[in-house]
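Enquirer: Got a file for you: start.cif, mmCIF, N, CA and C atoms and all ligand atoms.
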```cif
data_run
loop_
_atom_site.label_atom_id
_atom_site.label_comp_id
_atom_site.auth_asym_id
_atom_site.auth_seq_id
_atom_site.Cartn_x
_atom_site.Cartn_y
_atom_site.Cartn_z
N MET A 1 -11.26 2.80 -3.51
CA MET A 1 -10.63 4.11 -3.46
C MET A 1 -9.58 4.13 -2.36
N SER A 2 -8.46 4.72 -2.69
CA SER A 2 -7.38 4.78 -1.72
C SER A 2 -7.31 6.17 -1.11
N LEU A 3 -6.97 6.21 0.18
CA LEU A 3 -6.85 7.48 0.88
C LEU A 3 -5.43 8.03 0.82
N MET A 4 -4.59 7.38 0.04
CA MET A 4 -3.20 7.79 -0.01
C MET A 4 -3.04 9.24 -0.46
N LYS A 5 -1.99 9.87 0.05
CA LYS A 5 -1.77 11.27 -0.26
C LYS A 5 -0.87 11.42 -1.49
N PRO A 6 -0.99 12.55 -2.19
CA PRO A 6 -0.13 12.74 -3.37
C PRO A 6 1.32 12.95 -2.96
N PRO A 7 2.26 12.50 -3.80
CA PRO A 7 3.69 12.62 -3.47
C PRO A 7 4.21 14.05 -3.65
N SER A 8 5.20 14.43 -2.87
CA SER A 8 5.85 15.73 -3.01
C SER A 8 6.85 15.68 -4.17
N GLU A 9 7.29 16.85 -4.62
CA GLU A 9 8.32 16.93 -5.66
C GLU A 9 9.58 16.19 -5.21
N THR A 10 9.93 16.37 -3.93
CA THR A 10 11.14 15.73 -3.39
C THR A 10 11.04 14.22 -3.51
N LEU A 11 9.88 13.68 -3.16
CA LEU A 11 9.73 12.23 -3.23
C LEU A 11 9.76 11.75 -4.68
N LEU A 12 9.11 12.50 -5.58
CA LEU A 12 9.10 12.11 -6.99
C LEU A 12 10.52 12.04 -7.54
N LYS A 13 11.36 13.00 -7.12
CA LYS A 13 12.75 13.03 -7.57
C LYS A 13 13.49 11.78 -7.05
N LEU A 14 13.22 11.47 -5.78
CA LEU A 14 13.84 10.32 -5.16
C LEU A 14 13.44 9.02 -5.87
N ILE A 15 12.13 8.92 -6.17
CA ILE A 15 11.63 7.71 -6.85
C ILE A 15 12.32 7.56 -8.20
N SER A 16 12.50 8.70 -8.89
CA SER A 16 13.16 8.64 -10.18
C SER A 16 14.61 8.19 -10.03
N GLU A 17 15.27 8.57 -8.93
CA GLU A 17 16.64 8.08 -8.67
C GLU A 17 16.65 6.57 -8.41
N TRP A 18 15.68 6.11 -7.59
CA TRP A 18 15.58 4.66 -7.30
C TRP A 18 15.37 3.90 -8.59
N HIS A 19 14.52 4.49 -9.45
CA HIS A 19 14.16 3.85 -10.71
C HIS A 19 15.39 3.73 -11.62
N SER A 20 16.16 4.83 -11.76
CA SER A 20 17.37 4.78 -12.59
C SER A 20 18.36 3.77 -12.05
N GLU A 21 18.48 3.74 -10.72
CA GLU A 21 19.41 2.81 -10.08
C GLU A 21 18.99 1.37 -10.35
N ALA A 22 17.67 1.12 -10.28
CA ALA A 22 17.18 -0.24 -10.52
C ALA A 22 17.42 -0.65 -11.97
N ILE A 23 17.17 0.27 -12.90
CA ILE A 23 17.39 -0.04 -14.32
C ILE A 23 18.86 -0.38 -14.55
N ALA A 24 19.76 0.38 -13.91
CA ALA A 24 21.19 0.18 -14.10
C ALA A 24 21.71 -1.08 -13.42
N SER A 25 21.24 -1.33 -12.19
CA SER A 25 21.87 -2.40 -11.42
C SER A 25 20.96 -3.53 -10.95
N PHE A 26 19.66 -3.26 -10.80
CA PHE A 26 18.77 -4.29 -10.24
C PHE A 26 17.51 -4.44 -11.09
N PRO A 27 17.65 -4.85 -12.35
CA PRO A 27 16.45 -4.93 -13.21
C PRO A 27 15.37 -5.84 -12.63
N GLY A 28 15.75 -6.77 -11.78
CA GLY A 28 14.76 -7.66 -11.17
C GLY A 28 13.84 -6.94 -10.21
N ALA A 29 14.21 -5.73 -9.80
CA ALA A 29 13.38 -4.96 -8.87
C ALA A 29 12.37 -4.09 -9.60
N LEU A 30 12.29 -4.23 -10.93
CA LEU A 30 11.32 -3.45 -11.69
C LEU A 30 10.04 -4.25 -11.90
N ASN A 31 8.92 -3.54 -12.09
CA ASN A 31 7.69 -4.25 -12.41
C ASN A 31 7.71 -4.68 -13.88
N ARG A 32 6.63 -5.31 -14.34
CA ARG A 32 6.66 -5.92 -15.68
C ARG A 32 6.85 -4.90 -16.78
N ASP A 33 6.20 -3.72 -16.66
CA ASP A 33 6.38 -2.74 -17.74
C ASP A 33 7.50 -1.74 -17.42
N ARG A 34 8.28 -2.03 -16.40
CA ARG A 34 9.48 -1.26 -16.05
C ARG A 34 9.21 0.20 -15.72
N THR A 35 8.00 0.49 -15.19
CA THR A 35 7.67 1.87 -14.81
C THR A 35 7.73 2.06 -13.30
N GLY A 36 8.00 0.98 -12.57
CA GLY A 36 7.98 1.08 -11.11
C GLY A 36 9.07 0.26 -10.47
N VAL A 37 9.43 0.62 -9.23
CA VAL A 37 10.47 -0.06 -8.48
C VAL A 37 9.84 -0.80 -7.30
N MET A 38 10.28 -2.02 -7.07
CA MET A 38 9.71 -2.81 -5.98
C MET A 38 10.03 -2.20 -4.63
N ILE A 39 9.00 -1.99 -3.80
CA ILE A 39 9.24 -1.49 -2.45
C ILE A 39 8.90 -2.54 -1.41
N HIS A 40 8.17 -3.57 -1.82
CA HIS A 40 7.84 -4.61 -0.87
C HIS A 40 7.46 -5.88 -1.61
N GLY A 41 7.98 -7.00 -1.16
CA GLY A 41 7.61 -8.26 -1.78
C GLY A 41 7.17 -9.24 -0.71
N GLU A 42 6.18 -10.04 -1.00
CA GLU A 42 5.76 -11.05 -0.03
C GLU A 42 5.21 -12.25 -0.77
N ILE A 43 4.56 -13.15 -0.03
CA ILE A 43 4.15 -14.41 -0.63
C ILE A 43 3.17 -14.21 -1.78
N GLY A 44 2.21 -13.28 -1.62
CA GLY A 44 1.18 -13.12 -2.65
C GLY A 44 1.61 -12.33 -3.86
N GLY A 45 2.66 -11.53 -3.73
CA GLY A 45 3.07 -10.69 -4.84
C GLY A 45 3.99 -9.59 -4.35
N ALA A 46 4.06 -8.51 -5.14
CA ALA A 46 4.96 -7.42 -4.77
C ALA A 46 4.28 -6.09 -4.99
N ALA A 47 4.77 -5.07 -4.28
CA ALA A 47 4.28 -3.72 -4.47
C ALA A 47 5.39 -2.89 -5.10
N TYR A 48 5.04 -2.09 -6.07
CA TYR A 48 6.00 -1.24 -6.78
C TYR A 48 5.54 0.20 -6.67
N ILE A 49 6.52 1.12 -6.58
CA ILE A 49 6.18 2.53 -6.65
C ILE A 49 6.53 3.01 -8.04
N ARG A 50 5.55 3.65 -8.68
CA ARG A 50 5.77 4.14 -10.04
C ARG A 50 6.36 5.54 -10.01
N LEU A 51 6.83 5.98 -11.17
CA LEU A 51 7.48 7.29 -11.28
C LEU A 51 6.53 8.43 -10.89
N ASP A 52 5.23 8.22 -11.00
CA ASP A 52 4.28 9.27 -10.63
C ASP A 52 3.89 9.18 -9.15
N GLY A 53 4.52 8.26 -8.40
CA GLY A 53 4.26 8.15 -6.97
C GLY A 53 3.10 7.23 -6.63
N SER A 54 2.44 6.66 -7.64
CA SER A 54 1.36 5.72 -7.34
C SER A 54 1.95 4.35 -7.05
N ILE A 55 1.19 3.54 -6.33
CA ILE A 55 1.67 2.22 -5.97
C ILE A 55 0.93 1.17 -6.76
N GLU A 56 1.69 0.27 -7.36
CA GLU A 56 1.09 -0.80 -8.14
C GLU A 56 1.31 -2.12 -7.42
N LEU A 57 0.26 -2.92 -7.37
CA LEU A 57 0.38 -4.25 -6.79
C LEU A 57 0.44 -5.25 -7.93
N GLU A 58 1.41 -6.12 -7.88
CA GLU A 58 1.54 -7.13 -8.93
C GLU A 58 1.59 -8.51 -8.27
N PRO A 59 0.48 -9.25 -8.33
CA PRO A 59 0.51 -10.60 -7.76
C PRO A 59 1.44 -11.46 -8.59
N TRP A 60 2.00 -12.48 -7.97
CA TRP A 60 2.91 -13.35 -8.71
C TRP A 60 2.17 -14.14 -9.77
N ASP A 61 0.87 -14.37 -9.58
CA ASP A 61 0.13 -15.09 -10.63
C ASP A 61 -0.31 -14.09 -11.71
N GLU A 62 -0.81 -14.61 -12.81
CA GLU A 62 -1.15 -13.76 -13.96
C GLU A 62 -2.64 -13.44 -14.00
N ASP A 63 -3.38 -13.86 -13.01
CA ASP A 63 -4.82 -13.71 -13.03
C ASP A 63 -5.24 -12.24 -12.89
N PRO A 64 -5.80 -11.63 -13.96
CA PRO A 64 -6.18 -10.22 -13.88
C PRO A 64 -7.33 -9.98 -12.90
N GLU A 65 -8.03 -11.07 -12.52
CA GLU A 65 -9.16 -10.93 -11.60
C GLU A 65 -8.72 -11.04 -10.14
N ASN A 66 -7.45 -11.28 -9.91
CA ASN A 66 -6.96 -11.41 -8.53
C ASN A 66 -7.31 -10.15 -7.73
N PRO A 67 -8.13 -10.27 -6.67
CA PRO A 67 -8.59 -9.09 -5.93
C PRO A 67 -7.44 -8.35 -5.26
N TRP A 68 -6.33 -9.02 -5.06
CA TRP A 68 -5.15 -8.46 -4.43
C TRP A 68 -4.67 -7.23 -5.21
N ARG A 69 -4.88 -7.27 -6.53
CA ARG A 69 -4.39 -6.27 -7.45
C ARG A 69 -4.88 -4.86 -7.17
N SER A 70 -6.13 -4.73 -6.70
CA SER A 70 -6.71 -3.38 -6.58
C SER A 70 -7.20 -3.07 -5.17
N ASP A 71 -6.87 -3.91 -4.20
CA ASP A 71 -7.36 -3.71 -2.85
C ASP A 71 -6.56 -2.60 -2.16
N PRO A 72 -7.23 -1.44 -1.84
CA PRO A 72 -6.47 -0.35 -1.21
C PRO A 72 -5.88 -0.76 0.13
N ASN A 73 -6.52 -1.72 0.82
CA ASN A 73 -5.99 -2.13 2.12
C ASN A 73 -4.69 -2.90 1.97
N VAL A 74 -4.53 -3.59 0.86
CA VAL A 74 -3.25 -4.27 0.60
C VAL A 74 -2.18 -3.21 0.33
N VAL A 75 -2.57 -2.11 -0.33
CA VAL A 75 -1.63 -1.02 -0.56
C VAL A 75 -1.15 -0.44 0.77
N TYR A 76 -2.07 -0.22 1.73
CA TYR A 76 -1.67 0.30 3.04
C TYR A 76 -0.68 -0.65 3.71
N ALA A 77 -1.04 -1.93 3.69
CA ALA A 77 -0.19 -2.92 4.36
C ALA A 77 1.20 -2.96 3.72
N ALA A 78 1.24 -2.88 2.38
CA ALA A 78 2.53 -2.90 1.68
C ALA A 78 3.33 -1.65 2.02
N LEU A 79 2.62 -0.52 2.11
CA LEU A 79 3.29 0.74 2.41
C LEU A 79 3.87 0.73 3.82
N VAL A 80 3.08 0.25 4.78
CA VAL A 80 3.55 0.17 6.16
C VAL A 80 4.79 -0.71 6.24
N ALA A 81 4.76 -1.84 5.53
CA ALA A 81 5.91 -2.75 5.55
C ALA A 81 7.11 -2.10 4.87
N ALA A 82 6.86 -1.36 3.79
CA ALA A 82 7.95 -0.75 3.02
C ALA A 82 8.63 0.39 3.78
N LEU A 83 7.91 1.00 4.74
CA LEU A 83 8.47 2.15 5.46
C LEU A 83 9.75 1.82 6.22
N LYS A 84 9.88 0.55 6.60
CA LYS A 84 11.09 0.16 7.35
C LYS A 84 12.33 0.40 6.51
N LYS A 85 12.23 0.10 5.22
CA LYS A 85 13.38 0.26 4.34
C LYS A 85 13.38 1.59 3.61
N TRP A 86 12.18 2.15 3.38
CA TRP A 86 12.04 3.36 2.58
C TRP A 86 11.25 4.38 3.39
N PRO A 87 11.83 4.93 4.46
CA PRO A 87 11.06 5.82 5.34
C PRO A 87 10.52 7.05 4.62
N GLU A 88 11.13 7.41 3.49
CA GLU A 88 10.67 8.59 2.74
C GLU A 88 9.22 8.43 2.26
N LEU A 89 8.77 7.17 2.18
CA LEU A 89 7.42 6.93 1.67
C LEU A 89 6.33 7.29 2.68
N ALA A 90 6.75 7.64 3.90
CA ALA A 90 5.77 7.93 4.96
C ALA A 90 4.81 9.04 4.55
N GLU A 91 5.26 9.97 3.70
CA GLU A 91 4.38 11.08 3.33
C GLU A 91 3.16 10.62 2.52
N LEU A 92 3.21 9.41 1.97
CA LEU A 92 2.07 8.89 1.20
C LEU A 92 1.00 8.26 2.08
N MET A 93 1.36 7.98 3.34
CA MET A 93 0.42 7.30 4.23
C MET A 93 -0.85 8.11 4.40
N PRO A 94 -2.00 7.44 4.37
CA PRO A 94 -3.25 8.18 4.52
C PRO A 94 -3.36 8.83 5.89
N ASP A 95 -3.94 10.02 5.93
CA ASP A 95 -4.24 10.65 7.21
C ASP A 95 -5.35 9.89 7.88
N ARG A 96 -5.24 9.80 9.17
CA ARG A 96 -6.32 9.17 9.91
C ARG A 96 -7.60 9.99 9.72
N GLN A 97 -8.68 9.31 9.40
CA GLN A 97 -9.95 10.00 9.18
C GLN A 97 -10.58 10.36 10.52
N PRO A 98 -11.29 11.53 10.57
CA PRO A 98 -11.87 11.97 11.84
C PRO A 98 -12.84 10.96 12.45
N ASP A 99 -13.51 10.16 11.60
CA ASP A 99 -14.50 9.22 12.13
C ASP A 99 -13.94 7.81 12.29
N SER A 100 -12.61 7.66 12.13
CA SER A 100 -12.08 6.30 12.23
C SER A 100 -11.81 5.94 13.69
N GLU A 101 -11.93 4.67 13.99
CA GLU A 101 -11.76 4.20 15.36
C GLU A 101 -10.42 3.52 15.54
N ASP A 102 -9.90 3.59 16.77
CA ASP A 102 -8.70 2.84 17.09
C ASP A 102 -8.93 1.37 16.78
N CYS A 103 -7.90 0.70 16.31
CA CYS A 103 -8.01 -0.74 16.10
C CYS A 103 -7.79 -1.43 17.45
N LEU A 104 -8.78 -2.19 17.88
CA LEU A 104 -8.69 -2.83 19.18
C LEU A 104 -7.86 -4.11 19.13
N ASP A 105 -7.77 -4.69 17.95
CA ASP A 105 -7.07 -5.97 17.83
C ASP A 105 -5.58 -5.85 18.15
N CYS A 106 -4.99 -4.70 17.81
CA CYS A 106 -3.54 -4.56 18.01
C CYS A 106 -3.23 -3.47 19.02
N GLY A 107 -4.27 -2.92 19.70
CA GLY A 107 -4.03 -1.83 20.64
C GLY A 107 -3.61 -0.55 19.92
N ALA A 108 -4.07 -0.37 18.68
CA ALA A 108 -3.86 0.85 17.89
C ALA A 108 -2.40 1.09 17.53
N ILE A 109 -1.56 0.04 17.53
CA ILE A 109 -0.18 0.26 17.10
C ILE A 109 0.10 -0.33 15.71
N GLY A 110 -0.84 -1.11 15.19
CA GLY A 110 -0.69 -1.58 13.80
C GLY A 110 0.09 -2.86 13.62
N HIS A 111 0.68 -3.37 14.70
CA HIS A 111 1.44 -4.61 14.53
C HIS A 111 1.48 -5.39 15.85
N PHE A 112 1.90 -6.61 15.76
CA PHE A 112 2.06 -7.45 16.93
C PHE A 112 3.53 -7.75 17.12
N ASN A 113 4.00 -7.70 18.32
CA ASN A 113 5.38 -8.10 18.56
C ASN A 113 5.40 -9.37 19.39
N ARG A 114 5.43 -10.48 18.71
CA ARG A 114 5.50 -11.76 19.42
C ARG A 114 6.60 -12.56 18.76
N GLY A 115 7.84 -12.23 19.09
CA GLY A 115 8.94 -12.86 18.39
C GLY A 115 9.11 -12.21 17.04
N LEU A 116 8.17 -12.53 16.14
CA LEU A 116 8.13 -11.86 14.86
C LEU A 116 7.30 -10.60 15.00
N SER A 117 7.64 -9.57 14.27
CA SER A 117 6.78 -8.40 14.23
C SER A 117 5.84 -8.57 13.04
N LEU A 118 4.54 -8.73 13.34
CA LEU A 118 3.57 -8.99 12.28
C LEU A 118 2.64 -7.81 12.12
N LEU A 119 2.32 -7.49 10.89
CA LEU A 119 1.34 -6.45 10.64
C LEU A 119 -0.02 -6.92 11.13
N CYS A 120 -0.79 -6.00 11.70
CA CYS A 120 -2.13 -6.34 12.15
C CYS A 120 -3.05 -6.47 10.93
N PRO A 121 -3.68 -7.63 10.74
CA PRO A 121 -4.54 -7.81 9.57
C PRO A 121 -5.86 -7.06 9.67
N SER A 122 -6.24 -6.60 10.86
CA SER A 122 -7.52 -5.92 11.01
C SER A 122 -7.45 -4.47 10.55
N CYS A 123 -6.28 -3.84 10.72
CA CYS A 123 -6.16 -2.42 10.35
C CYS A 123 -5.07 -2.23 9.31
N TYR A 124 -4.50 -3.32 8.80
CA TYR A 124 -3.49 -3.28 7.74
C TYR A 124 -2.26 -2.50 8.16
N GLY A 125 -1.99 -2.47 9.48
CA GLY A 125 -0.79 -1.81 9.96
C GLY A 125 -0.97 -0.34 10.29
N LEU A 126 -2.18 0.18 10.10
CA LEU A 126 -2.39 1.61 10.33
C LEU A 126 -2.57 1.94 11.81
N GLY A 127 -3.12 1.01 12.59
CA GLY A 127 -3.42 1.28 13.99
C GLY A 127 -4.82 1.85 14.18
N TRP A 128 -5.48 2.18 13.08
CA TRP A 128 -6.87 2.64 13.11
C TRP A 128 -7.59 2.02 11.93
N ARG A 129 -8.91 1.98 12.02
CA ARG A 129 -9.67 1.31 10.97
C ARG A 129 -9.97 2.29 9.84
N PRO A 130 -9.47 2.01 8.66
CA PRO A 130 -9.77 2.89 7.53
C PRO A 130 -11.20 2.68 7.05
N GLN A 131 -12.13 3.07 7.89
CA GLN A 131 -13.56 2.86 7.62
C GLN A 131 -14.28 4.19 7.62
N PRO A 132 -15.44 4.35 7.01
CA PRO A 132 -16.11 3.33 6.19
C PRO A 132 -15.41 3.17 4.85
N ASN A 133 -15.44 1.95 4.36
CA ASN A 133 -14.84 1.66 3.06
C ASN A 133 -15.71 2.26 1.94
N PRO A 134 -15.21 3.28 1.23
CA PRO A 134 -16.03 3.98 0.24
C PRO A 134 -16.54 3.06 -0.86
N SER A 135 -15.75 2.07 -1.26
CA SER A 135 -16.21 1.23 -2.36
C SER A 135 -17.37 0.34 -1.92
N LEU A 136 -17.35 -0.09 -0.66
CA LEU A 136 -18.47 -0.88 -0.15
C LEU A 136 -19.73 -0.02 -0.10
N LYS A 137 -19.56 1.24 0.30
CA LYS A 137 -20.69 2.14 0.42
C LYS A 137 -21.32 2.35 -0.96
N GLU A 138 -20.46 2.56 -1.98
CA GLU A 138 -20.98 2.74 -3.34
C GLU A 138 -21.82 1.55 -3.78
N ASP A 139 -21.30 0.34 -3.49
CA ASP A 139 -22.04 -0.85 -3.87
C ASP A 139 -23.41 -0.87 -3.23
N LYS A 140 -23.44 -0.47 -1.96
CA LYS A 140 -24.70 -0.48 -1.22
C LYS A 140 -25.68 0.52 -1.84
N ASP A 141 -25.18 1.75 -2.12
CA ASP A 141 -26.04 2.76 -2.73
C ASP A 141 -26.61 2.27 -4.06
N ARG A 142 -25.71 1.64 -4.81
CA ARG A 142 -26.12 1.19 -6.14
C ARG A 142 -27.23 0.14 -6.04
N SER A 143 -27.06 -0.81 -5.10
CA SER A 143 -28.04 -1.89 -5.02
C SER A 143 -29.37 -1.39 -4.45
N SER A 144 -29.33 -0.34 -3.58
CA SER A 144 -30.58 0.12 -3.00
C SER A 144 -31.40 0.92 -4.02
N ARG A 145 -30.72 1.41 -5.06
CA ARG A 145 -31.42 2.19 -6.08
C ARG A 145 -32.29 1.28 -6.97
N HIS A 146 -31.93 0.01 -7.06
CA HIS A 146 -32.66 -0.87 -7.95
C HIS A 146 -33.83 -1.54 -7.26
ZN ZN B 201 -4.79 -3.30 14.18
#
```
Using structure tokens, write down the structure from this file.
Expert:
Amino acid sequence: MSLMKPPSETLLKLISEWHSEAIASFPGALNRDRTGVMIHGEIGGAAYIRLDGSIELEPWDEDPENPWRSDPNVVYAALVAALKKWPELAELMPDRQPDSEDCLDCGAIGHFNRGLSLLCPSCYGLGWRPQPNPSLKEDKDRSSRH
């Protein structure tokens, strides 16, 4: 489950402009079914924003079982990285949860500045731990019932 916030009308309009622009001039920036525009690309795959404001992860490989595809933490990391170029996407960032703790690995800033600016892998660039992970909790509840 992702903690991402729903997009505003303004952002939806903007996404639709990006989408039309990509169709007209940068078809390579579209996802496979052409419903989303690439906002971030990296070694494992790319993140696309769809017309409804949702984010789709598309790994470069075709494996439907690739865990990268549905991991909400990869979505956060892609969103944080995409904000540099697309600051309008900031409104989708999850609100810090009241019970979440500062990330100690990066000093709660979400990245490391050592020559290269690298996203913190412990908090996915958020600066705080998006915990508890609801999907892990569900699994635990389910297994304890049996
Ligand atoms: Zn961190």
Enquirer: Tell me which of A:Asp63, A:Asp102, A:Asp33, A:Asp95 sits closest to ligand ZN 201 (chain B), counting all atoms listed in the file.
Expert: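 Ranked by minimum distance to ligand ZN 201 (chain B), first place goes to A:Asp102.
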Enquirer: A:Leu119: which residues within 5 Å, counting only N, CA and C atoms, same-chain residues fewer than 6 positions away excluded, as a list of chain:residue names?
Expert: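 Final neighbour list, sorted by chain and number: A:Gly110, A:His111, A:Phe112.
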Enquirer: Taking only chain A into account, list the residues labelled alpha helix (DSSP H) by DSSP (computed from the backbone), as a JSON list (two decimals) with N, CA and C atoms, keeping the file's coordinate frame.
Expert:
```json
[["chain", "number", "residue", "atom", "x", "y", "z"],
["A", 9, "GLU", "N", 7.29, 16.85, -4.62],
["A", 9, "GLU", "CA", 8.32, 16.93, -5.66],
["A", 9, "GLU", "C", 9.58, 16.19, -5.21],
["A", 10, "THR", "N", 9.93, 16.37, -3.93],
["A", 10, "THR", "CA", 11.14, 15.73, -3.39],
["A", 10, "THR", "C", 11.04, 14.22, -3.51],
["A", 11, "LEU", "N", 9.88, 13.68, -3.16],
["A", 11, "LEU", "CA", 9.73, 12.23, -3.23],
["A", 11, "LEU", "C", 9.76, 11.75, -4.68],
["A", 12, "LEU", "N", 9.11, 12.50, -5.58],
["A", 12, "LEU", "CA", 9.10, 12.11, -6.99],
["A", 12, "LEU", "C", 10.52, 12.04, -7.54],
["A", 13, "LYS", "N", 11.36, 13.00, -7.12],
["A", 13, "LYS", "CA", 12.75, 13.03, -7.57],
["A", 13, "LYS", "C", 13.49, 11.78, -7.05],
["A", 14, "LEU", "N", 13.22, 11.47, -5.78],
["A", 14, "LEU", "CA", 13.84, 10.32, -5.16],
["A", 14, "LEU", "C", 13.44, 9.02, -5.87],
["A", 15, "ILE", "N", 12.13, 8.92, -6.17],
["A", 15, "ILE", "CA", 11.63, 7.71, -6.85],
["A", 15, "ILE", "C", 12.32, 7.56, -8.20],
["A", 16, "SER", "N", 12.50, 8.70, -8.89],
["A", 16, "SER", "CA", 13.16, 8.64, -10.18],
["A", 16, "SER", "C", 14.61, 8.19, -10.03],
["A", 17, "GLU", "N", 15.27, 8.57, -8.93],
["A", 17, "GLU", "CA", 16.64, 8.08, -8.67],
["A", 17, "GLU", "C", 16.65, 6.57, -8.41],
["A", 18, "TRP", "N", 15.68, 6.11, -7.59],
["A", 18, "TRP", "CA", 15.58, 4.66, -7.30],
["A", 18, "TRP", "C", 15.37, 3.90, -8.59],
["A", 19, "HIS", "N", 14.52, 4.49, -9.45],
["A", 19, "HIS", "CA", 14.16, 3.85, -10.71],
["A", 19, "HIS", "C", 15.39, 3.73, -11.62],
["A", 20, "SER", "N", 16.16, 4.83, -11.76],
["A", 20, "SER", "CA", 17.37, 4.78, -12.59],
["A", 20, "SER", "C", 18.36, 3.77, -12.05],
["A", 21, "GLU", "N", 18.48, 3.74, -10.72],
["A", 21, "GLU", "CA", 19.41, 2.81, -10.08],
["A", 21, "GLU", "C", 18.99, 1.37, -10.35],
["A", 22, "ALA", "N", 17.67, 1.12, -10.28],
["A", 22, "ALA", "CA", 17.18, -0.24, -10.52],
["A", 22, "ALA", "C", 17.42, -0.65, -11.97],
["A", 23, "ILE", "N", 17.17, 0.27, -12.90],
["A", 23, "ILE", "CA", 17.39, -0.04, -14.32],
["A", 23, "ILE", "C", 18.86, -0.38, -14.55],
["A", 24, "ALA", "N", 19.76, 0.38, -13.91],
["A", 24, "ALA", "CA", 21.19, 0.18, -14.10],
["A", 24, "ALA", "C", 21.71, -1.08, -13.42],
["A", 25, "SER", "N", 21.24, -1.33, -12.19],
["A", 25, "SER", "CA", 21.87, -2.40, -11.42],
["A", 25, "SER", "C", 20.96, -3.53, -10.95],
["A", 72, "PRO", "N", -7.23, -1.44, -1.84],
["A", 72, "PRO", "CA", -6.47, -0.35, -1.21],
["A", 72, "PRO", "C", -5.88, -0.76, 0.13],
["A", 73, "ASN", "N", -6.52, -1.72, 0.82],
["A", 73, "ASN", "CA", -5.99, -2.13, 2.12],
["A", 73, "ASN", "C", -4.69, -2.90, 1.97],
["A", 74, "VAL", "N", -4.53, -3.59, 0.86],
["A", 74, "VAL", "CA", -3.25, -4.27, 0.60],
["A", 74, "VAL", "C", -2.18, -3.21, 0.33],
["A", 75, "VAL", "N", -2.57, -2.11, -0.33],
["A", 75, "VAL", "CA", -1.63, -1.02, -0.56],
["A", 75, "VAL", "C", -1.15, -0.44, 0.77],
["A", 76, "TYR", "N", -2.07, -0.22, 1.73],
["A", 76, "TYR", "CA", -1.67, 0.30, 3.04],
["A", 76, "TYR", "C", -0.68, -0.65, 3.71],
["A", 77, "ALA", "N", -1.04, -1.93, 3.69],
["A", 77, "ALA", "CA", -0.19, -2.92, 4.36],
["A", 77, "ALA", "C", 1.20, -2.96, 3.72],
["A", 78, "ALA", "N", 1.24, -2.88, 2.38],
["A", 78, "ALA", "CA", 2.53, -2.90, 1.68],
["A", 78, "ALA", "C", 3.33, -1.65, 2.02],
["A", 79, "LEU", "N", 2.62, -0.52, 2.11],
["A", 79, "LEU", "CA", 3.29, 0.74, 2.41],
["A", 79, "LEU", "C", 3.87, 0.73, 3.82],
["A", 80, "VAL", "N", 3.08, 0.25, 4.78],
["A", 80, "VAL", "CA", 3.55, 0.17, 6.16],
["A", 80, "VAL", "C", 4.79, -0.71, 6.24],
["A", 81, "ALA", "N", 4.76, -1.84, 5.53],
["A", 81, "ALA", "CA", 5.91, -2.75, 5.55],
["A", 81, "ALA", "C", 7.11, -2.10, 4.87],
["A", 82, "ALA", "N", 6.86, -1.36, 3.79],
["A", 82, "ALA", "CA", 7.95, -0.75, 3.02],
["A", 82, "ALA", "C", 8.63, 0.39, 3.78],
["A", 134, "PRO", "N", -15.21, 3.28, 1.23],
["A", 134, "PRO", "CA", -16.03, 3.98, 0.24],
["A", 134, "PRO", "C", -16.54, 3.06, -0.86],
["A", 135, "SER", "N", -15.75, 2.07, -1.26],
["A", 135, "SER", "CA", -16.21, 1.23, -2.36],
["A", 135, "SER", "C", -17.37, 0.34, -1.92],
["A", 136, "LEU", "N", -17.35, -0.09, -0.66],
["A", 136, "LEU", "CA", -18.47, -0.88, -0.15],
["A", 136, "LEU", "C", -19.73, -0.02, -0.10],
["A", 137, "LYS", "N", -19.56, 1.24, 0.30],
["A", 137, "LYS", "CA", -20.69, 2.14, 0.42],
["A", 137, "LYS", "C", -21.32, 2.35, -0.96],
["A", 138, "GLU", "N", -20.46, 2.56, -1.98],
["A", 138, "GLU", "CA", -20.98, 2.74, -3.34],
["A", 138, "GLU", "C", -21.82, 1.55, -3.78],
["A", 139, "ASP", "N", -21.30, 0.34, -3.49],
["A", 139, "ASP", "CA", -22.04, -0.85, -3.87],
["A", 139, "ASP", "C", -23.41, -0.87, -3.23],
["A", 140, "LYS", "N", -23.44, -0.47, -1.96],
["A", 140, "LYS", "CA", -24.70, -0.48, -1.22],
["A", 140, "LYS", "C", -25.68, 0.52, -1.84],
["A", 141, "ASP", "N", -25.18, 1.75, -2.12],
["A", 141, "ASP", "CA", -26.04, 2.76, -2.73],
["A", 141, "ASP", "C", -26.61, 2.27, -4.06],
["A", 142, "ARG", "N", -25.71, 1.64, -4.81],
["A", 142, "ARG", "CA", -26.12, 1.19, -6.14],
["A", 142, "ARG", "C", -27.23, 0.14, -6.04],
["A", 143, "SER", "N", -27.06, -0.81, -5.10],
["A", 143, "SER", "CA", -28.04, -1.89, -5.02],
["A", 143, "SER", "C", -29.37, -1.39, -4.45],
["A", 144, "SER", "N", -29.33, -0.34, -3.58],
["A", 144, "SER", "CA", -30.58, 0.12, -3.00],
["A", 144, "SER", "C", -31.40, 0.92, -4.02],
["A", 145, "ARG", "N", -30.72, 1.41, -5.06],
["A", 145, "ARG", "CA", -31.42, 2.19, -6.08],
["A", 145, "ARG", "C", -32.29, 1.28, -6.97]]
```
Enquirer: Would you list the contacts of A:Ser100 as number ranges by chain, taking every protein, DNA or RNA residue within 10 Å and counting only C-alpha atoms, but skipping same-chain residues closer than 2 positions in sequence?
Expert: A: 96-98, 102-103, 128-132
Enquirer: Interatomic distance between atom C of A:Ala29 and atom N of A:Ala46?
Expert: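 Distance reported for this atom pair: 10.4 Å.
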Enquirer: For a quick check of understanding, using only C-alpha atoms and all ligand atoms, which of A:Leu57, A:Leu3, A:Leu83, A:Cys106 has the smallest distance to ligand ZN 201 (chain B)?
Expert: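 Looking only at the distances to ligand ZN 201 (chain B), the closest residue turns out to be A:Cys106.
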Enquirer: List all protein, DNA and RNA residues that have an atom no more than 6.5 Å from any atom of ligand ZN 201 (chain B), counting all atoms listed in the file, and report them as a list in words.
Expert: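 Written in the requested form, the residues are Cys103, Leu104, Asp105, Cys106, Gly107, Ala108, Ile109, Gly110, His111, Cys120, Pro121, Ser122, Cys123, Tyr124, Gly125, Leu126, Gly127 and Trp128 of chain A.
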